[in-house]
Every structure is written in C-alpha cells, then in structure tokens.
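*Asks:* Right, I'll just put the structure down here and ask away after.
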Amino acid sequence: MQNCYVGDLGDFGKYGLLREICAPTRGSAPGLSLGVVWYLVPDQNESNDGKKTHYLTSSEGNHERYRKCDPTLYDALGTIVDSGCRDVRRVCELNVLPPRTVFYETPLSFADRSSAQERLSERNAWLQRALDLTAPCQLVFVDPDNGLQVATEAHQKKGPKYVFFEELHPFCKRGQSLVIYHHIGRRRSAKEQVKERLRQIRHQLGLQGFALLFHRGSARAFFIVPAKPHSDLLLDRAKRFVDGAWGAHFELLAGET
C-alpha cells in the first residue's frame, strides 16, 4: 500500500468490500470486528498508480456506475481526493470503515537497515506490533502493495511489497479470518492466477478460501480466508455482495474442494 493510492478506484472496491462483509445483517448476525494492516511503503512518484480517480468525477454515468454501490463511501473518498491530502490516516479520520475498526499504519521500511539480518529483525518487530494491535479483531484485512509472496525474499528491497505465508499463520492460528489483497500479473489469465493462489492458500494455511476478483482499473483479487466459525457467514455475505450493485465490478471465484 502507498499513500498515493488513497481514494483511487482500487480503494473504492477495497473498502466497499470490507464495509459489506463486516456490516451487521438486519435481524441476524452482528458485524464482524475489523483490523486493517497496511503494508505501507513509500510512494513511488514515478508510477502512474493511484491516478485512477476519474470515477469520482461528478456525472450521471459515474453516479449510476459507481456511487450507487455505496454513496457514503463514494462521497468520503471524493472528500479525501479533493482535499489533496491522500493519506491512510484520512481513511481512519473519516470513518470510511466500521467504527470499531483497528488500523495499523506504521510503515514497513528497511531504511538504514543494511544487512539481511537487520531487515528481518525490523520486519518481525513490525509484524509483532500488527499482531498485538489486531488481537481483538475477528477479521483482519492484510493490504500489501503487490500481494502474496513471489520469488522475492522478505529481506530484499522489494520484500515489503509482499505478504508472506509465514506472516499469515499467526492470524489463522488464533482463529481470525483474513482478507488479503493481491495484484494480478499479466502472464496468465486472472482466473488462472486466482485459482493457483487459492491452491497455495489451502496448502500453506490449511484453510479453504475463495476470492473476489475486481475488474475495474488494474485487475486485483481479494482472497477471503474464513476461520471455520465464519465460513458460512463470509461466503453468504460475499454472494450477497456480488448479487447487488457491486456485481457489476466484482466476480466471486470459489476454491477447489
């Protein structure tokens, strides 16, 4: 995650999903308490990422296509972008997510850490603080800049852009459900990549997950890994999510059983 992304089209999909799956169900299940772990890295000013804010331009088409999905979220993100202060702290301040949400926005940085051992020590300490802060939460959203691990190692320069399976184990072991952001690459179809990652999640974490594929802007997936008590609840809410207005932007993909 980078601050320059705040309020872009990807953020709209991201927070729309979290608001829906954590919201109370009328007359039924209460909302899930949410923790957000931003793998916050420095902005890359040379990148075009984060500039996809055209969806916020006031027009009949944008209101019909985007605002109707979640008017409160749409207007809040518009306020952030219009202010010129695009920072994850504004997401906290404007109550974009449910009131009980816990946010961990400490940057993951290897500045002044030259050796692999120092970098891993810094990363482990950063993760432990995230675990401590989100301990009361039922569901934790993990938001790396790029997504699930690749060949890059955790201590390397680009390591902070990825979340590693070993970093997800502690959340699962203490019974928390996960939502994991992942940027889709270009080498294979999005569905093929999602299915492969779902197989990895099942093998590495020992839990059956499913995914919501976001088709707007850059293709990205949100992997939902329910703790067993939340399995039916989260799948039902994901189905309800794509059955509504958000279905124009998201596709539900189930893992292989």
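Going by the structure tokens order, chains are called A, B, ..., each with residues numbered from 1, while ligands are numbered from 1 in the order shown.
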Residues near segment 221-224 of chain A, anyone? I mean within 6 Å using only C-alpha atoms, not counting same-chain ones fewer than 6 positions away, as a PyMOL selection string.

*Replies:* chain A and resi 178-182+209-214

*Asks:* Using the chain letters and numbers from this document, which residues of segment 9-92 of chain A does DSSP assign to strand (DSSP E or B), as a list of chain:residue names?

*Replies:*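 After running DSSP on the backbone, segment 9-92 of chain A has strand (DSSP E or B) at A:Leu34, A:Gly35, A:Val36, A:Val37, A:Trp38.
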
*Asks:* Do a neighbour search on Ile201 of chain A at 10 Å with only C-alpha atoms, toss out local chain neighbours closer than 3 positions, and write the hits as a ChimeraX atom specification.

*Replies:* /A:148,165,168,195-198,204-210,223-225,255

*Asks:* Might you pull out every residue within 12 Å of Asp11 of chain A, with only C-alpha atoms counted and same-chain residues fewer than 2 positions away left off, and present them as JSON, numbers by chain?

*Replies:* {"A": [1, 2, 3, 4, 5, 6, 7, 8, 9, 13, 14, 15, 16, 17, 18, 19, 49, 50, 51, 52, 53, 55, 56, 73, 74, 76, 77, 78, 80, 81, 86, 87, 88, 91, 96, 97, 143, 181, 214, 216, 217, 218, 220, 222]}

*Asks:* Since we have the selection now, will you write its residues out, keeping C-alpha atoms, as a CSV table (one decimal), in the first residue's frame?

*Replies:*
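New file selection17.csv:
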```
chain,number,residue,atom,x,y,z
A,1,MET,CA,0.0,0.0,0.0
A,2,GLN,CA,1.1,3.5,-0.8
A,3,ASN,CA,-0.5,6.8,0.4
A,4,CYS,CA,-0.7,8.0,-3.2
A,5,TYR,CA,-3.3,5.2,-3.8
A,6,VAL,CA,-5.8,6.5,-1.2
A,7,GLY,CA,-9.1,7.3,-2.8
A,8,ASP,CA,-8.4,5.7,-6.2
A,9,LEU,CA,-10.6,3.2,-8.0
A,13,GLY,CA,-13.6,-1.5,-4.4
A,14,LYS,CA,-11.4,-2.5,-1.5
A,15,TYR,CA,-13.3,-0.5,1.1
A,16,GLY,CA,-16.7,-1.3,-0.4
A,17,LEU,CA,-16.0,-5.0,0.0
A,18,LEU,CA,-14.9,-4.6,3.6
A,19,ARG,CA,-17.9,-2.5,4.5
A,49,ASP,CA,-0.6,4.1,-9.9
A,50,GLY,CA,-3.0,6.0,-7.8
A,51,LYS,CA,-4.1,8.3,-10.6
A,52,LYS,CA,-7.3,6.4,-11.3
A,53,THR,CA,-9.7,8.8,-9.7
A,55,TYR,CA,-14.7,7.5,-11.2
A,56,LEU,CA,-15.1,10.4,-8.7
A,73,LEU,CA,-18.1,5.6,0.7
A,74,TYR,CA,-18.1,7.3,-2.7
A,76,ALA,CA,-16.0,10.1,1.6
A,77,LEU,CA,-13.3,9.1,-0.9
A,78,GLY,CA,-14.2,12.1,-3.0
A,80,ILE,CA,-10.1,12.8,0.5
A,81,VAL,CA,-9.1,13.2,-3.1
A,86,ARG,CA,-4.2,11.4,0.3
A,87,ASP,CA,-3.0,9.6,3.3
A,88,VAL,CA,-4.3,6.4,5.0
A,91,VAL,CA,-9.4,6.8,5.9
A,96,VAL,CA,-14.7,5.0,6.0
A,97,LEU,CA,-14.8,1.6,7.7
A,143,ASP,CA,-3.0,-4.9,2.4
A,181,TYR,CA,-5.1,-8.0,-1.3
A,214,PHE,CA,-12.2,-6.8,-9.1
A,216,ARG,CA,-12.1,-2.1,-12.7
A,217,GLY,CA,-8.8,-0.4,-13.4
A,218,SER,CA,-5.9,-2.8,-12.8
A,220,ARG,CA,-6.8,-7.3,-8.5
A,222,PHE,CA,-9.2,-10.1,-2.7
```

*Asks:* Have a look at A:Gln149, A:Trp246, A:Thr134, A:Ala154 and name the one nearest to Ser121 of chain A; count only C-alpha atoms.

*Replies:* A:Ala154

*Asks:* Between A:Asp112, A:Ala254, A:Gln193, A:Gly31, which residue has the minimum interatomic distance to Pro99 of chain A, considering only C-alpha atoms?

*Replies:*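 Smallest distance to Pro99 of chain A is found for A:Gly31.
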
*Asks:* I'd like the contact shell of Ser177 of chain A - 10 Å cut-off, only C-alpha atoms, skipping same-chain residues fewer than 2 positions apart - returned as a ChimeraX atom specification.

*Replies:* /A:32,34,137-141,171-175,179,207,209,224-231,234

*Asks:* Taking 2 positions as the minimum chain separation for residues in the same chain, which residues sit within 10 Å of Lys161 of chain A when counting only C-alpha atoms? Answer as JSON, numbers by chain.

*Replies:* {"A": [1, 2, 39, 40, 41, 108, 143, 144, 145, 146, 147, 148, 149, 152, 154, 156, 157, 158, 159, 163, 164]}

*Asks:* Please produce a file of those selected residues containing C-alpha atoms, as a compact mmCIF listing (two decimals), in the first residue's frame.

*Replies:*
```txt
# COMPACT_ATOMS: atom_id res chain seq x y z
CA MET A 1 0.00 0.00 0.00
CA GLN A 2 1.12 3.54 -0.77
CA TYR A 39 1.88 -2.86 4.43
CA LEU A 40 2.64 0.80 3.93
CA VAL A 41 5.67 1.57 1.75
CA LEU A 108 7.26 -1.19 6.75
CA ASP A 143 -3.03 -4.90 2.38
CA PRO A 144 0.42 -5.37 0.79
CA ASP A 145 1.45 -3.15 -2.09
CA ASN A 146 1.71 -6.05 -4.55
CA GLY A 147 0.12 -9.04 -2.85
CA LEU A 148 1.05 -12.57 -1.89
CA GLN A 149 4.67 -13.62 -1.93
CA THR A 152 11.35 -12.12 -3.77
CA ALA A 154 11.28 -10.99 2.80
CA GLN A 156 15.13 -7.90 -0.05
CA LYS A 157 14.48 -4.35 -1.23
CA LYS A 158 11.06 -5.23 -2.67
CA GLY A 159 10.20 -7.57 0.21
CA VAL A 163 2.93 -10.53 2.45
CA PHE A 164 4.44 -13.94 3.15
```

*Asks:* Could you jot down the atom CA of Asp43 of chain A to atom CA of Ser109 of chain A separation for me, Å, one decimal place?

*Replies:*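 Straight-line distance from atom CA of Asp43 of chain A to atom CA of Ser109 of chain A works out to 11.8 Å.
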
*Asks:* Could you tell me which of A:His249, A:Arg65, A:Arg119, A:Arg89 comes closest to Pro160 of chain A if we count only C-alpha atoms?

*Replies:*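 Checking each of A:His249, A:Arg65, A:Arg119, A:Arg89 against Pro160 of chain A, counting only C-alpha atoms, the winner is A:Arg119.
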
*Asks:* Apply DSSP to the backbone of this structure and, from segment 66-248 of chain A, keep only the residues in alpha helix (DSSP H); write these as a PyMOL selection string.

*Replies:* chain A and resi 71-83+88-93+116-133+165-173+190-205+231-243

*Asks:* Considering only C-alpha atoms, return as a count of residues only whatever protein or nucleic-acid residues lie within 12 Å of Asp132 of chain A, sequence-local ones (same chain, fewer than 3 positions apart) excluded.

*Replies:* 16

*Asks:* Just the number, please: distance in Å from atom CA of Ala23 of chain A to atom CA of Arg237 of chain A, one decimal.

*Replies:* 9.2 Å

*Asks:* For a test of reading the model, state the distance in Å between atom CA of Cys85 of chain A and atom CA of Thr72 of chain A, rounded to one decimal.

*Replies:*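 Rounded to one decimal, the two atoms are 18.9 Å apart.
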